[in-house]
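K.L.:
Next comes the structure file target-v9.txt, holding compact mmCIF, C-alpha atoms.
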# COMPACT_ATOMS: atom_id res chain seq x y z
CA MET A 1 -20.54 -13.67 11.76
CA ASP A 2 -16.86 -12.67 12.02
CA ASN A 3 -16.66 -12.60 8.25
CA ILE A 4 -19.71 -10.35 8.00
CA GLU A 5 -18.27 -8.02 10.64
CA GLN A 6 -14.95 -7.85 8.81
CA GLN A 7 -16.59 -7.05 5.48
CA LEU A 8 -18.68 -4.35 7.14
CA LYS A 9 -15.62 -2.87 8.85
CA ASP A 10 -13.71 -2.85 5.55
CA PHE A 11 -16.60 -1.14 3.76
CA ILE A 12 -17.07 1.46 6.49
CA SER A 13 -13.32 2.14 6.72
CA GLN A 14 -13.01 2.49 2.98
CA GLU A 15 -16.12 4.57 2.33
CA PHE A 16 -16.50 6.71 5.43
CA LEU A 17 -13.12 6.84 7.14
CA GLY A 18 -10.79 7.55 4.25
CA ASP A 19 -9.56 3.92 4.09
CA LYS A 20 -7.94 3.68 7.52
CA PRO A 21 -7.94 -0.06 8.29
CA GLY A 22 -8.63 -1.04 11.87
CA THR A 23 -10.15 2.30 12.78
CA VAL A 24 -13.64 0.95 13.45
CA SER A 25 -14.39 -1.79 15.97
CA ALA A 26 -17.49 -3.97 16.25
CA SER A 27 -18.82 -1.97 19.18
CA ASP A 28 -18.08 1.61 18.02
CA ASN A 29 -21.22 3.76 17.93
CA LEU A 30 -21.41 4.63 14.24
CA ILE A 31 -23.85 7.51 14.72
CA GLU A 32 -22.56 9.21 17.85
CA ASP A 33 -18.97 8.88 16.66
CA GLY A 34 -19.99 10.68 13.47
CA ILE A 35 -18.94 7.79 11.23
CA ILE A 36 -22.21 7.53 9.31
CA ASP A 37 -24.75 10.19 8.40
CA SER A 38 -27.96 10.39 6.38
CA LEU A 39 -26.40 9.43 3.04
CA ALA A 40 -23.97 6.98 4.60
CA ILE A 41 -26.82 4.98 6.15
CA LEU A 42 -28.45 4.69 2.72
CA MET A 43 -25.12 3.63 1.16
CA LEU A 44 -24.63 1.09 3.91
CA ILE A 45 -28.08 -0.44 3.35
CA LYS A 46 -27.44 -0.66 -0.39
CA TYR A 47 -24.08 -2.35 0.28
CA ILE A 48 -25.65 -4.84 2.71
CA GLU A 49 -28.43 -5.76 0.27
CA ASP A 50 -25.97 -6.19 -2.62
CA GLN A 51 -23.19 -7.93 -0.71
CA PHE A 52 -25.16 -10.27 1.54
CA SER A 53 -28.23 -10.81 -0.68
CA VAL A 54 -30.68 -9.81 2.02
CA THR A 55 -33.55 -7.34 1.95
CA ILE A 56 -33.54 -4.62 4.56
CA GLU A 57 -37.16 -3.68 5.17
CA PRO A 58 -38.06 -0.10 6.19
CA GLU A 59 -38.93 -1.33 9.70
CA ASP A 60 -35.39 -2.75 10.02
CA VAL A 61 -33.86 0.69 9.55
CA THR A 62 -33.69 1.62 13.22
CA LEU A 63 -30.94 3.02 15.36
CA ASP A 64 -30.95 -0.19 17.41
CA ASN A 65 -30.08 -2.21 14.29
CA PHE A 66 -27.54 0.23 12.85
CA GLU A 67 -25.84 1.44 16.00
CA SER A 68 -22.61 -0.51 15.45
CA VAL A 69 -20.96 -3.07 13.18
CA GLY A 70 -21.99 -5.71 15.73
CA THR A 71 -25.70 -4.83 15.63
CA ILE A 72 -25.68 -4.61 11.83
CA SER A 73 -24.10 -8.03 11.46
CA ARG A 74 -26.70 -9.50 13.85
CA LEU A 75 -29.42 -7.98 11.64
CA ILE A 76 -27.81 -9.54 8.54
CA GLU A 77 -27.61 -12.93 10.29
CA LYS A 78 -31.27 -12.65 11.27
CA ARG A 79 -32.31 -11.77 7.73
CA ASN A 80 -30.14 -14.56 6.30
CA THR A 81 -31.88 -17.18 8.39
CA GLN A 82 -35.40 -16.00 7.48
CA MET B 83 -36.84 2.32 0.64
CA ALA B 84 -33.19 3.18 1.24
CA ARG B 85 -32.36 2.47 -2.40
CA ARG B 86 -35.31 4.61 -3.49
CA LEU B 87 -34.09 7.50 -1.35
CA LEU B 88 -30.60 7.27 -2.84
CA LEU B 89 -32.15 7.29 -6.30
CA LEU B 90 -34.33 10.27 -5.38
CA ASN B 91 -31.29 12.06 -4.01
CA GLY B 92 -29.43 11.28 -7.24
CA LEU B 93 -32.23 12.63 -9.41
CA ALA B 94 -32.32 15.77 -7.25
CA ALA B 95 -28.52 16.12 -7.49
CA ALA B 96 -28.67 15.78 -11.30
CA CYS B 97 -31.40 18.44 -11.49
CA LEU B 98 -29.59 20.90 -9.22
CA PRO B 99 -27.05 22.16 -11.83
CA LEU B 100 -29.97 22.53 -14.27
CA PHE B 101 -31.90 24.56 -11.70
CA HIS B 102 -28.92 26.90 -11.19
CA ALA B 103 -27.82 27.03 -14.84
CA VAL B 104 -31.23 28.24 -16.04
CA VAL B 105 -30.88 31.43 -13.97
CA TYR B 106 -27.68 32.24 -15.89
CA GLY B 107 -29.58 31.38 -19.07
CA PHE B 108 -32.29 33.93 -18.24
CA GLN B 109 -29.67 36.53 -17.39
CA ALA B 110 -27.94 35.93 -20.72
CA MET B 111 -31.31 36.15 -22.45
CA PHE B 112 -32.47 39.42 -20.86
CA LEU B 113 -29.64 41.20 -19.04
CA TRP B 114 -26.51 40.32 -21.05
CA THR B 115 -28.14 40.48 -24.52
CA ASN B 116 -25.78 43.33 -25.54
CA GLN B 117 -22.86 40.90 -25.33
CA TYR B 118 -24.03 39.05 -28.45
CA ARG B 119 -26.51 41.47 -30.13
CA LEU B 120 -26.54 45.21 -30.83
CA VAL B 121 -29.26 46.09 -28.34
CA ASP B 122 -29.64 47.97 -25.07
CA VAL B 123 -30.16 45.97 -21.90
CA PRO B 124 -32.31 44.83 -20.29
CA ASN B 125 -33.81 43.45 -23.44
CA TYR B 126 -36.96 41.34 -23.28
CA ASP B 127 -37.34 40.42 -26.97
CA GLN B 128 -37.01 36.72 -26.13
CA LEU B 129 -39.60 36.77 -23.34
CA GLY B 130 -42.40 34.43 -24.39
CA SER B 131 -40.33 32.63 -27.04
CA ILE B 132 -40.30 28.83 -27.25
CA THR B 133 -36.75 28.77 -25.86
CA TYR B 134 -37.88 30.92 -22.93
CA TYR B 135 -40.68 28.48 -22.14
CA ILE B 136 -38.34 25.49 -22.41
CA MET B 137 -36.02 27.17 -19.91
CA LEU B 138 -38.89 28.14 -17.63
CA THR B 139 -40.13 24.54 -17.68
CA ILE B 140 -36.64 23.27 -16.76
CA ARG B 141 -36.45 25.80 -13.92
CA GLN B 142 -39.86 24.92 -12.49
CA LEU B 143 -39.50 21.14 -12.80
CA SER B 144 -35.93 20.93 -11.48
CA GLY B 145 -36.98 22.99 -8.45
CA PHE B 146 -37.88 19.83 -6.52
CA SER B 147 -34.16 19.27 -5.70
CA ILE B 148 -33.97 21.08 -2.35
CA PRO B 149 -37.34 19.71 -1.14
CA ALA B 150 -36.05 16.23 -2.04
CA PHE B 151 -32.78 16.73 -0.11
CA LEU B 152 -34.74 17.96 2.93
CA PHE B 153 -37.12 15.02 2.64
CA VAL B 154 -34.18 12.57 2.72
CA SER B 155 -32.69 14.40 5.73
CA GLY B 156 -36.06 14.02 7.47
CA PHE B 157 -35.74 10.29 6.87
CA PHE B 158 -32.41 10.32 8.75
CA ILE B 159 -34.00 12.05 11.73
CA ALA B 160 -36.72 9.38 11.76
CA PHE B 161 -33.90 6.84 11.84
CA LEU B 162 -32.20 8.59 14.78
CA ALA B 163 -35.50 8.59 16.66
CA SER B 164 -36.34 4.98 15.83
CA GLY B 165 -36.53 1.76 17.81
CA SER B 166 -36.06 2.04 21.55
CA ASN B 167 -34.71 5.61 21.32
CA THR B 168 -37.09 8.03 22.97
CA HIS B 169 -34.91 11.03 22.17
CA ILE B 170 -32.30 12.00 19.60
CA SER B 171 -28.83 12.07 21.07
CA LYS B 172 -27.09 15.43 21.13
CA GLU B 173 -23.84 13.74 20.08
CA ALA B 174 -25.42 12.42 16.88
CA ILE B 175 -26.77 15.86 16.00
CA PHE B 176 -23.55 17.73 16.74
CA GLN B 177 -21.47 15.20 14.83
CA ARG B 178 -23.71 15.73 11.82
CA ILE B 179 -23.51 19.52 12.14
CA ARG B 180 -19.72 19.39 12.41
CA VAL B 181 -19.53 17.47 9.13
CA LEU B 182 -21.66 20.14 7.42
CA VAL B 183 -20.09 23.32 8.83
CA ILE B 184 -16.53 22.85 7.52
CA PRO B 185 -17.46 22.29 3.83
CA PHE B 186 -19.94 25.16 4.12
CA LEU B 187 -17.22 27.54 5.32
CA ILE B 188 -14.71 26.36 2.72
CA TRP B 189 -17.06 26.64 -0.26
CA THR B 190 -18.62 29.91 0.90
CA THR B 191 -15.10 31.38 1.09
CA ILE B 192 -14.20 30.01 -2.35
CA LEU B 193 -17.40 31.40 -3.86
CA PHE B 194 -16.88 34.90 -2.45
CA ILE B 195 -13.25 34.88 -3.64
CA LEU B 196 -14.46 33.96 -7.15
CA LEU B 197 -17.14 36.64 -7.01
CA MET B 198 -14.48 39.08 -5.74
CA GLU B 199 -16.99 40.29 -3.18
CA ARG B 200 -17.18 40.51 0.56
CA PRO B 201 -20.49 39.52 2.19
CA GLN B 202 -22.14 42.66 3.54
CA SER B 203 -24.65 40.95 5.80
CA LEU B 204 -25.59 37.63 7.33
CA GLU B 205 -28.06 37.23 4.47
CA ASP B 206 -25.23 37.63 1.91
CA LEU B 207 -23.13 35.06 3.75
CA LEU B 208 -25.77 32.38 4.19
CA ARG B 209 -27.78 32.72 0.99
CA PRO B 210 -25.47 31.04 -1.59
CA TYR B 211 -25.44 27.73 0.32
CA TYR B 212 -28.69 28.23 2.23
CA TYR B 213 -29.42 24.50 2.36
CA ILE B 214 -26.61 23.95 4.90
CA PRO B 215 -27.78 26.56 7.47
CA LEU B 216 -31.32 25.27 6.91
CA ILE B 217 -30.46 21.65 7.57
CA ILE B 218 -28.39 22.58 10.63
CA GLN B 219 -31.40 24.43 12.06
CA TYR B 220 -33.62 21.43 11.35
CA TYR B 221 -31.20 19.08 13.09
CA LEU B 222 -31.14 21.42 16.08
CA LEU B 223 -34.94 21.62 16.07
CA SER B 224 -35.43 17.88 15.68
CA PRO B 225 -35.40 17.11 19.45
CA LEU B 226 -38.47 19.40 19.64
CA LEU B 227 -40.08 18.19 16.41
CA VAL B 228 -39.80 14.47 17.19
CA PRO B 229 -42.02 14.52 20.31
CA LEU B 230 -44.52 16.74 18.46
CA ALA B 231 -44.63 14.29 15.58
CA ARG B 232 -45.03 11.38 17.98
CA LYS B 233 -47.90 13.12 19.75
CA ASN B 234 -49.87 14.17 16.65
CA TRP B 235 -48.11 13.85 13.31
CA LYS B 236 -51.14 14.87 11.27
CA LEU B 237 -51.51 18.13 13.18
CA LEU B 238 -47.78 18.87 12.88
CA LEU B 239 -47.84 18.21 9.15
CA LEU B 240 -50.92 20.41 8.74
CA ALA B 241 -49.29 23.22 10.75
CA VAL B 242 -46.08 23.24 8.68
CA ALA B 243 -48.09 22.98 5.43
CA LEU B 244 -50.14 26.02 6.48
CA LEU B 245 -46.94 27.88 7.32
CA ASN B 246 -45.66 27.09 3.83
CA ILE B 247 -48.89 28.34 2.24
CA LEU B 248 -48.77 31.51 4.36
CA LEU B 249 -45.24 32.27 3.14
CA GLN B 250 -46.28 31.68 -0.46
CA LEU B 251 -49.20 34.10 0.03
CA ALA B 252 -46.79 36.69 1.45
CA GLU B 253 -44.65 36.25 -1.67
CA TYR B 254 -47.71 36.85 -3.85
CA LEU B 255 -48.66 39.96 -1.89
CA THR B 256 -45.13 41.33 -2.33
CA ILE B 257 -45.06 40.70 -6.06
CA PHE B 258 -48.38 42.49 -6.52
CA HIS B 259 -47.42 45.28 -4.09
CA LEU B 260 -50.41 44.54 -1.83
CA ASP B 261 -49.66 45.71 1.66
CA VAL B 262 -51.43 43.57 4.21
CA PRO B 263 -50.50 43.99 7.92
CA GLY B 264 -47.78 41.55 8.87
CA ARG B 265 -46.64 40.83 5.30
CA ALA B 266 -43.38 42.79 5.53
CA PHE B 267 -42.62 41.36 8.97
CA LEU B 268 -43.28 37.82 7.76
CA LEU B 269 -40.98 38.16 4.76
CA ARG B 270 -38.28 39.97 6.75
CA THR B 271 -38.21 37.26 9.39
CA THR B 272 -38.25 34.33 6.98
CA PRO B 273 -35.24 34.65 4.66
CA ILE B 274 -34.46 31.62 2.49
CA TRP B 275 -31.86 30.24 4.93
CA PHE B 276 -34.13 30.52 7.99
CA PHE B 277 -36.02 27.45 9.16
CA PRO B 278 -39.74 28.32 8.65
CA GLY B 279 -39.57 28.62 4.85
CA ARG B 280 -38.86 25.00 4.02
CA LEU B 281 -39.71 23.28 7.29
CA PHE B 282 -42.55 21.40 5.61
CA TRP B 283 -40.19 19.25 3.50
CA PHE B 284 -38.07 18.16 6.43
CA VAL B 285 -41.09 17.36 8.62
CA PHE B 286 -42.73 15.61 5.67
CA GLY B 287 -39.69 13.33 5.23
CA PHE B 288 -39.60 12.60 8.92
CA VAL B 289 -43.34 11.85 9.16
CA VAL B 290 -43.46 9.73 6.00
CA SER B 291 -40.52 7.64 7.22
CA GLN B 292 -42.07 7.11 10.64
CA HIS B 293 -45.50 6.22 9.26
CA LEU B 294 -44.49 4.56 6.00
CA SER B 295 -46.48 1.39 6.73
CA GLU B 296 -49.68 3.46 7.15
CA ILE B 297 -49.05 5.85 4.25
CA LYS B 298 -47.61 3.52 1.61
CA PRO B 299 -50.71 1.34 0.94
CA TRP B 300 -52.73 4.51 0.39
CA LEU B 301 -50.09 5.87 -1.99
CA ILE B 302 -49.93 2.61 -3.93
CA ARG B 303 -53.75 2.55 -4.24
CA TYR B 304 -53.82 6.08 -5.67
CA ARG B 305 -50.56 6.04 -7.57
CA ARG B 306 -52.07 6.58 -11.01
CA PRO B 307 -54.01 9.71 -9.96
CA LEU B 308 -50.86 10.85 -8.16
CA PHE B 309 -48.83 10.43 -11.33
CA VAL B 310 -51.41 12.42 -13.32
CA ALA B 311 -51.42 15.07 -10.55
CA MET B 312 -47.62 15.31 -10.78
CA ILE B 313 -47.84 16.05 -14.52
CA LEU B 314 -50.67 18.55 -14.02
CA PHE B 315 -48.82 20.34 -11.19
CA GLY B 316 -45.70 20.45 -13.36
CA ILE B 317 -47.69 22.18 -16.11
CA ALA B 318 -49.45 24.40 -13.54
CA SER B 319 -46.12 25.57 -12.11
CA VAL B 320 -45.05 26.85 -15.54
CA VAL B 321 -48.43 28.45 -16.25
CA GLU B 322 -48.51 30.04 -12.78
CA TYR B 323 -45.09 31.64 -13.27
CA ALA B 324 -45.99 32.89 -16.76
CA VAL B 325 -49.31 34.37 -15.60
CA VAL B 326 -47.80 36.03 -12.52
CA ASN B 327 -44.97 37.37 -14.70
CA GLN B 328 -47.50 38.79 -17.18
CA LEU B 329 -49.66 40.40 -14.49
CA ALA B 330 -46.96 41.69 -12.16
CA THR B 331 -44.25 42.78 -14.59
CA PRO B 332 -45.84 42.89 -18.08
CA GLY B 333 -43.24 42.76 -20.83
CA GLU B 334 -40.38 42.20 -18.37
CA TRP B 335 -38.83 39.21 -16.66
CA LEU B 336 -40.15 38.50 -13.16
CA GLY B 337 -36.80 37.18 -11.91
CA PRO B 338 -35.64 33.83 -10.56
CA ASN B 339 -36.92 33.96 -7.00
CA PHE B 340 -40.64 33.41 -7.47
CA THR B 341 -41.59 29.86 -6.52
CA GLY B 342 -45.39 29.80 -6.56
CA PHE B 343 -47.79 27.14 -5.34
CA GLY B 344 -47.43 25.03 -8.48
CA ARG B 345 -43.77 24.21 -7.91
CA ASP B 346 -44.41 23.21 -4.30
CA PHE B 347 -47.32 20.96 -5.26
CA PHE B 348 -45.24 19.50 -8.08
CA SER B 349 -42.37 18.76 -5.66
CA LEU B 350 -44.81 17.14 -3.25
CA ALA B 351 -46.28 15.01 -6.04
CA VAL B 352 -42.78 13.92 -7.20
CA LEU B 353 -41.93 12.71 -3.69
CA LEU B 354 -45.24 10.84 -3.31
CA VAL B 355 -44.98 9.26 -6.78
CA PHE B 356 -41.45 8.12 -5.96
CA ILE B 357 -42.70 6.25 -2.91
CA ALA B 358 -45.83 4.97 -4.64
CA TYR B 359 -43.94 3.46 -7.60
CA ASP B 360 -41.49 1.61 -5.39
CA LYS B 361 -40.95 -1.27 -7.81
CA ALA B 362 -40.66 0.82 -10.97
CA LYS B 363 -37.55 0.49 -13.10
CA TYR B 364 -35.76 3.73 -13.91
CA PRO B 365 -33.26 4.43 -16.68
CA LEU B 366 -29.71 5.24 -15.48
CA LYS B 367 -30.58 3.82 -12.05
CA SER B 368 -27.02 2.98 -10.98
CA GLN B 369 -25.63 6.29 -12.28
CA LEU B 370 -28.34 8.22 -10.44
CA THR B 371 -27.72 6.22 -7.28
CA ASP B 372 -24.05 7.14 -7.56
CA LEU B 373 -24.99 10.81 -7.92
CA GLY B 374 -27.20 10.41 -4.85
CA ILE B 375 -24.18 9.34 -2.82
CA LYS B 376 -22.27 12.40 -4.03
CA SER B 377 -25.17 14.86 -3.73
CA LEU B 378 -23.66 17.12 -1.06
CA GLY B 379 -20.45 17.53 -3.08
CA ILE B 380 -22.49 18.31 -6.20
CA TYR B 381 -24.52 20.85 -4.23
CA LEU B 382 -21.39 22.57 -2.93
CA VAL B 383 -19.30 22.65 -6.11
CA ASN B 384 -21.88 23.18 -8.88
CA THR B 385 -22.46 26.85 -8.03
CA PRO B 386 -18.81 28.02 -8.32
CA ALA B 387 -18.31 25.72 -11.35
CA ILE B 388 -21.27 27.26 -13.19
CA PHE B 389 -20.15 30.75 -12.18
CA VAL B 390 -16.62 30.22 -13.56
CA ILE B 391 -17.74 28.76 -16.90
CA SER B 392 -20.42 31.44 -17.33
CA ALA B 393 -17.82 34.18 -16.62
CA LEU B 394 -15.46 32.63 -19.19
CA ILE B 395 -18.22 32.49 -21.79
CA TYR B 396 -19.33 36.05 -20.99
CA HIS B 397 -15.83 37.46 -21.51
CA LYS B 398 -14.30 35.14 -24.14
CA LEU B 399 -17.11 33.48 -26.11
CA PRO B 400 -20.19 35.71 -25.69
CA TRP B 401 -21.81 34.40 -28.90
CA ILE B 402 -22.57 31.17 -27.00
CA MET B 403 -25.00 33.13 -24.80
CA GLY B 404 -26.98 33.83 -27.96
CA GLN B 405 -27.51 30.08 -28.36
CA PRO B 406 -29.53 29.38 -25.20
CA ILE B 407 -29.75 25.60 -25.56
CA LEU B 408 -26.00 25.25 -26.19
CA TYR B 409 -25.29 27.66 -23.32
CA GLN B 410 -27.56 25.70 -20.95
CA GLY B 411 -25.98 22.45 -22.04
CA LEU B 412 -22.46 23.71 -21.34
CA LEU B 413 -23.40 25.14 -17.95
CA PHE B 414 -25.10 21.88 -17.00
CA ILE B 415 -22.17 19.72 -18.15
CA PHE B 416 -19.71 21.82 -16.17
CA GLY B 417 -22.08 22.20 -13.21
CA LEU B 418 -22.35 18.45 -12.86
CA GLY B 419 -19.01 17.39 -14.34
CA VAL B 420 -16.66 19.62 -12.34
CA PRO B 421 -17.92 18.44 -8.91
CA LEU B 422 -17.76 14.78 -10.01
CA LEU B 423 -14.27 15.22 -11.47
CA LEU B 424 -13.01 17.03 -8.38
CA MET B 425 -14.45 14.38 -6.07
CA SER B 426 -13.00 11.51 -8.09
CA ILE B 427 -9.53 13.16 -8.22
CA ILE B 428 -9.46 13.77 -4.47
CA ILE B 429 -10.69 10.28 -3.60
CA LYS B 430 -8.03 8.69 -5.85
CA LEU B 431 -5.04 10.61 -4.51
CA PRO B 432 -3.96 9.18 -1.14
CA ILE B 433 -2.17 12.41 -0.12
CA ILE B 434 -5.26 14.59 -0.41
CA ARG B 435 -7.87 11.91 0.26
CA PRO B 436 -8.30 12.86 3.96
CA SER B 437 -9.50 16.30 2.82
CA TYR B 438 -12.52 14.71 1.05
CA ARG B 439 -14.79 14.86 4.10
CA PHE B 440 -13.86 18.47 4.83
CA LEU B 441 -14.54 19.49 1.25
CA PHE B 442 -17.62 17.44 0.38
CA GLY B 443 -19.12 16.36 3.69
Let's see the structure in the file written out as structure tokens.
P.N.:
Amino acid sequence: MDNIEQQLKDFISQEFLGDKPGTVSASDNLIEDGIIDSLAILMLIKYIEDQFSVTIEPEDVTLDNFESVGTISRLIEKRNTQ
Amino acid sequence: MARRLLLLNGLAAACLPLFHAVVYGFQAMFLWTNQYRLVDVPNYDQLGSITYYIMLTIRQLSGFSIPAFLFVSGFFIAFLASGSNTHISKEAIFQRIRVLVIPFLIWTTILFILLMERPQSLEDLLRPYYYIPLIIQYYLLSPLLVPLARKNWKLLLLAVALLNILLQLAEYLTIFHLDVPGRAFLLRTTPIWFFPGRLFWFVFGFVVSQHLSEIKPWLIRYRRPLFVAMILFGIASVVEYAVVNQLATPGEWLGPNFTGFGRDFFSLAVLLVFIAYDKAKYPLKSQLTDLGIKSLGIYLVNTPAIFVISALIYHKLPWIMGQPILYQGLLFIFGLGVPLLLMSIIIKLPIIRPSYRFLFG
């Protein structure tokens, strides 16, 4: 779980925050803080599917699941165990 | 679905420089002919030639770019209104708007400096990058649209489709100089950057995303007829333009602004086919996906890039304008290549990297 969170944080920092390590925490609201937008959410899903070998179904793409690094990593865990 | 949307966005981003470059191609063909031939301008000798029809086909078929971008933005709104969220947070909307406004201001300023013009009206200011004001209005309207879509999405979709048809009819009436009460008012109050004109595509993206599980099986069942319809609408969009051109301005060029019903139906069919063929393999998939990620930057930079190269050709190498396919090729390469080069340079240089978001969203 920690490893997933770290990889997600690294990806988000590198792609959406101009590579500022440590600038996103597990609980930061990615949408309301303006970290990810319409294209960023699509990039993030592509990264998750490639990196963690899981399939994100359309019904998974909800604000509840993508609100923060923490909620995303819980979704990945859930998909990994299915 | 997310991968498909990135791919769709990439295809739209690749088509955008083509869509813009063809207008310069038509201008070179009809209005700048005296730069490479001893004729008076405007000169319509090439109207109806094979090259003209190739360019018209490119223009009509690549016109699905903006509808596709709006469709993908509608998907994002569906995401913001998903799960346990009964309303879209103001913070999320204003954050998104903030990210769009700064690049819009920067590139609008750059474009007017290159044009050596000062915008004379709000229309002048907003028109070159009309997609940004449009999308901002749609984001602002989304807290109203979401409850409407939840209440009766079919009715909402029908209403915005009818609005779109009404605006197309007004365009027809204008071209044929038919004065029907309300026509002038309708056109005056719906400039290209104002929300009613392209609202359908945003709402369509939003509705399709929210009801994908209901819509997708139907699309998959009818995907072959949809594919055939896409081809037929593509052909119809070219025929429609040519016929309207012939009837409204015989022997002259109608201009770049006429859309017609065919192009809208073609754009709709492209979007539906893209969803219906969800497992299809596409050539250049990873390259197109990469373009999809960079689509806003391509949108912002392709216009000044095409303008600069066309101005250079006009003044220094005008004979190229007499070779329409070569001219189109060069404009397209620069229109797509310059934004990608600029983005890759800025992302690689740590000193200027923080400016990336301000420049390209």
K.L.:
Please list as an MDAnalysis selection string every residue within 6 Å of A:Leu30, counting all atoms listed in the file and excluding residues in the same chain fewer than 3 positions away.
P.N.:
chainID A and resid 33 35:36 67:68
K.L.:
From the options B:Met83, B:Leu382, B:Ile388, B:Ile140, which residue's atoms come nearest to B:Ile415, counting all atoms listed in the file?
P.N.:
B:Ile388
K.L.:
Find the distance between atom CA of B:Leu113 and atom CA of B:Asn125 and write it in Å to one decimal.
P.N.:
6.5 Å
K.L.:
Identify all chain B residues at most 9 Å from chain A by counting only C-alpha atoms; ligands do not count. Present them as a PDB file with C-alpha atoms, keeping the file's coordinate frame.
P.N.:
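out_5.pdb written:
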ATOM      1  CA  MET B  83     -36.840   2.320   0.640  1.00  0.00           C
ATOM      2  CA  ALA B  84     -33.190   3.180   1.240  1.00  0.00           C
ATOM      3  CA  ARG B  85     -32.360   2.470  -2.400  1.00  0.00           C
ATOM      4  CA  LEU B  87     -34.090   7.500  -1.350  1.00  0.00           C
ATOM      5  CA  LEU B  88     -30.600   7.270  -2.840  1.00  0.00           C
ATOM      6  CA  ASN B  91     -31.290  12.060  -4.010  1.00  0.00           C
ATOM      7  CA  VAL B 154     -34.180  12.570   2.720  1.00  0.00           C
ATOM      8  CA  SER B 155     -32.690  14.400   5.730  1.00  0.00           C
ATOM      9  CA  GLY B 156     -36.060  14.020   7.470  1.00  0.00           C
ATOM     10  CA  PHE B 157     -35.740  10.290   6.870  1.00  0.00           C
ATOM     11  CA  PHE B 158     -32.410  10.320   8.750  1.00  0.00           C
ATOM     12  CA  ILE B 159     -34.000  12.050  11.730  1.00  0.00           C
ATOM     13  CA  ALA B 160     -36.720   9.380  11.760  1.00  0.00           C
ATOM     14  CA  PHE B 161     -33.900   6.840  11.840  1.00  0.00           C
ATOM     15  CA  LEU B 162     -32.200   8.590  14.780  1.00  0.00           C
ATOM     16  CA  ALA B 163     -35.500   8.590  16.660  1.00  0.00           C
ATOM     17  CA  SER B 164     -36.340   4.980  15.830  1.00  0.00           C
ATOM     18  CA  GLY B 165     -36.530   1.760  17.810  1.00  0.00           C
ATOM     19  CA  SER B 166     -36.060   2.040  21.550  1.00  0.00           C
ATOM     20  CA  ASN B 167     -34.710   5.610  21.320  1.00  0.00           C
ATOM     21  CA  SER B 171     -28.830  12.070  21.070  1.00  0.00           C
ATOM     22  CA  LYS B 172     -27.090  15.430  21.130  1.00  0.00           C
ATOM     23  CA  GLU B 173     -23.840  13.740  20.080  1.00  0.00           C
ATOM     24  CA  ALA B 174     -25.420  12.420  16.880  1.00  0.00           C
ATOM     25  CA  ILE B 175     -26.770  15.860  16.000  1.00  0.00           C
ATOM     26  CA  PHE B 176     -23.550  17.730  16.740  1.00  0.00           C
ATOM     27  CA  GLN B 177     -21.470  15.200  14.830  1.00  0.00           C
ATOM     28  CA  ARG B 178     -23.710  15.730  11.820  1.00  0.00           C
ATOM     29  CA  ARG B 180     -19.720  19.390  12.410  1.00  0.00           C
ATOM     30  CA  VAL B 181     -19.530  17.470   9.130  1.00  0.00           C
ATOM     31  CA  SER B 291     -40.520   7.640   7.220  1.00  0.00           C
ATOM     32  CA  LEU B 294     -44.490   4.560   6.000  1.00  0.00           C
ATOM     33  CA  SER B 295     -46.480   1.390   6.730  1.00  0.00           C
ATOM     34  CA  GLY B 374     -27.200  10.410  -4.850  1.00  0.00           C
ATOM     35  CA  ILE B 375     -24.180   9.340  -2.820  1.00  0.00           C
ATOM     36  CA  LYS B 376     -22.270  12.400  -4.030  1.00  0.00           C
ATOM     37  CA  SER B 377     -25.170  14.860  -3.730  1.00  0.00           C
ATOM     38  CA  ILE B 429     -10.690  10.280  -3.600  1.00  0.00           C
ATOM     39  CA  PRO B 432      -3.960   9.180  -1.140  1.00  0.00           C
ATOM     40  CA  ARG B 435      -7.870  11.910   0.260  1.00  0.00           C
ATOM     41  CA  PRO B 436      -8.300  12.860   3.960  1.00  0.00           C
ATOM     42  CA  SER B 437      -9.500  16.300   2.820  1.00  0.00           C
ATOM     43  CA  TYR B 438     -12.520  14.710   1.050  1.00  0.00           C
ATOM     44  CA  ARG B 439     -14.790  14.860   4.100  1.00  0.00           C
TER      45      ARG B 439
END
K.L.:
Need the shell around B:Pro386: protein/DNA/RNA residues with any atom at most 8 Å away, counting all atoms listed in the file. Skip same-chain ones fewer than 6 positions apart. Format as a CSV table (one decimal) with C-alpha atoms, in the coordinates of the input?
P.N.:
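Result saved to out.csv:
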chain,number,residue,atom,x,y,z
B,192,ILE,CA,-14.2,30.0,-2.4
B,193,LEU,CA,-17.4,31.4,-3.9
B,196,LEU,CA,-14.5,34.0,-7.2
K.L.:
Would you pick out the contacts of stretch 249-260 of chain B at 12 Å or less, using only C-alpha atoms, so that residues sharing its chain but fewer than 3 positions from it are not included, and give the list as a PyMOL selection string?
P.N.:
chain B and resi 242-246+263-274+278-282+322-323+326-332+336-337+339-347
K.L.:
Within 10 Å of (-25.4, 32.7, -29.4) in the file's own coordinates, which protein, DNA or RNA residues have an atom, counting all atoms listed in the file? List them as a PyMOL selection string.
P.N.:
chain B and resi 110-111+115+117-119+399-409
K.L.:
Have a look at atom CA of B:Phe151 and atom CA of B:Ala94 and let me know their distance in Å, one decimal.
P.N.:
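Computed distance, atom CA of B:Phe151 to atom CA of B:Ala94, equals 7.2 Å.
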K.L.:
Could you state the separation of atom CA of A:Asp2 and atom CA of A:Thr71 in Å, given to one decimal place?
P.N.:
12.4 Å
K.L.:
Which residue is closest to B:Asp360? Choose from B:Leu89, B:Ile195, B:Val289, B:Val420 and count only C-alpha atoms.
P.N.:
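Once distances to B:Asp360 are computed over only C-alpha atoms, the minimum belongs to B:Leu89.
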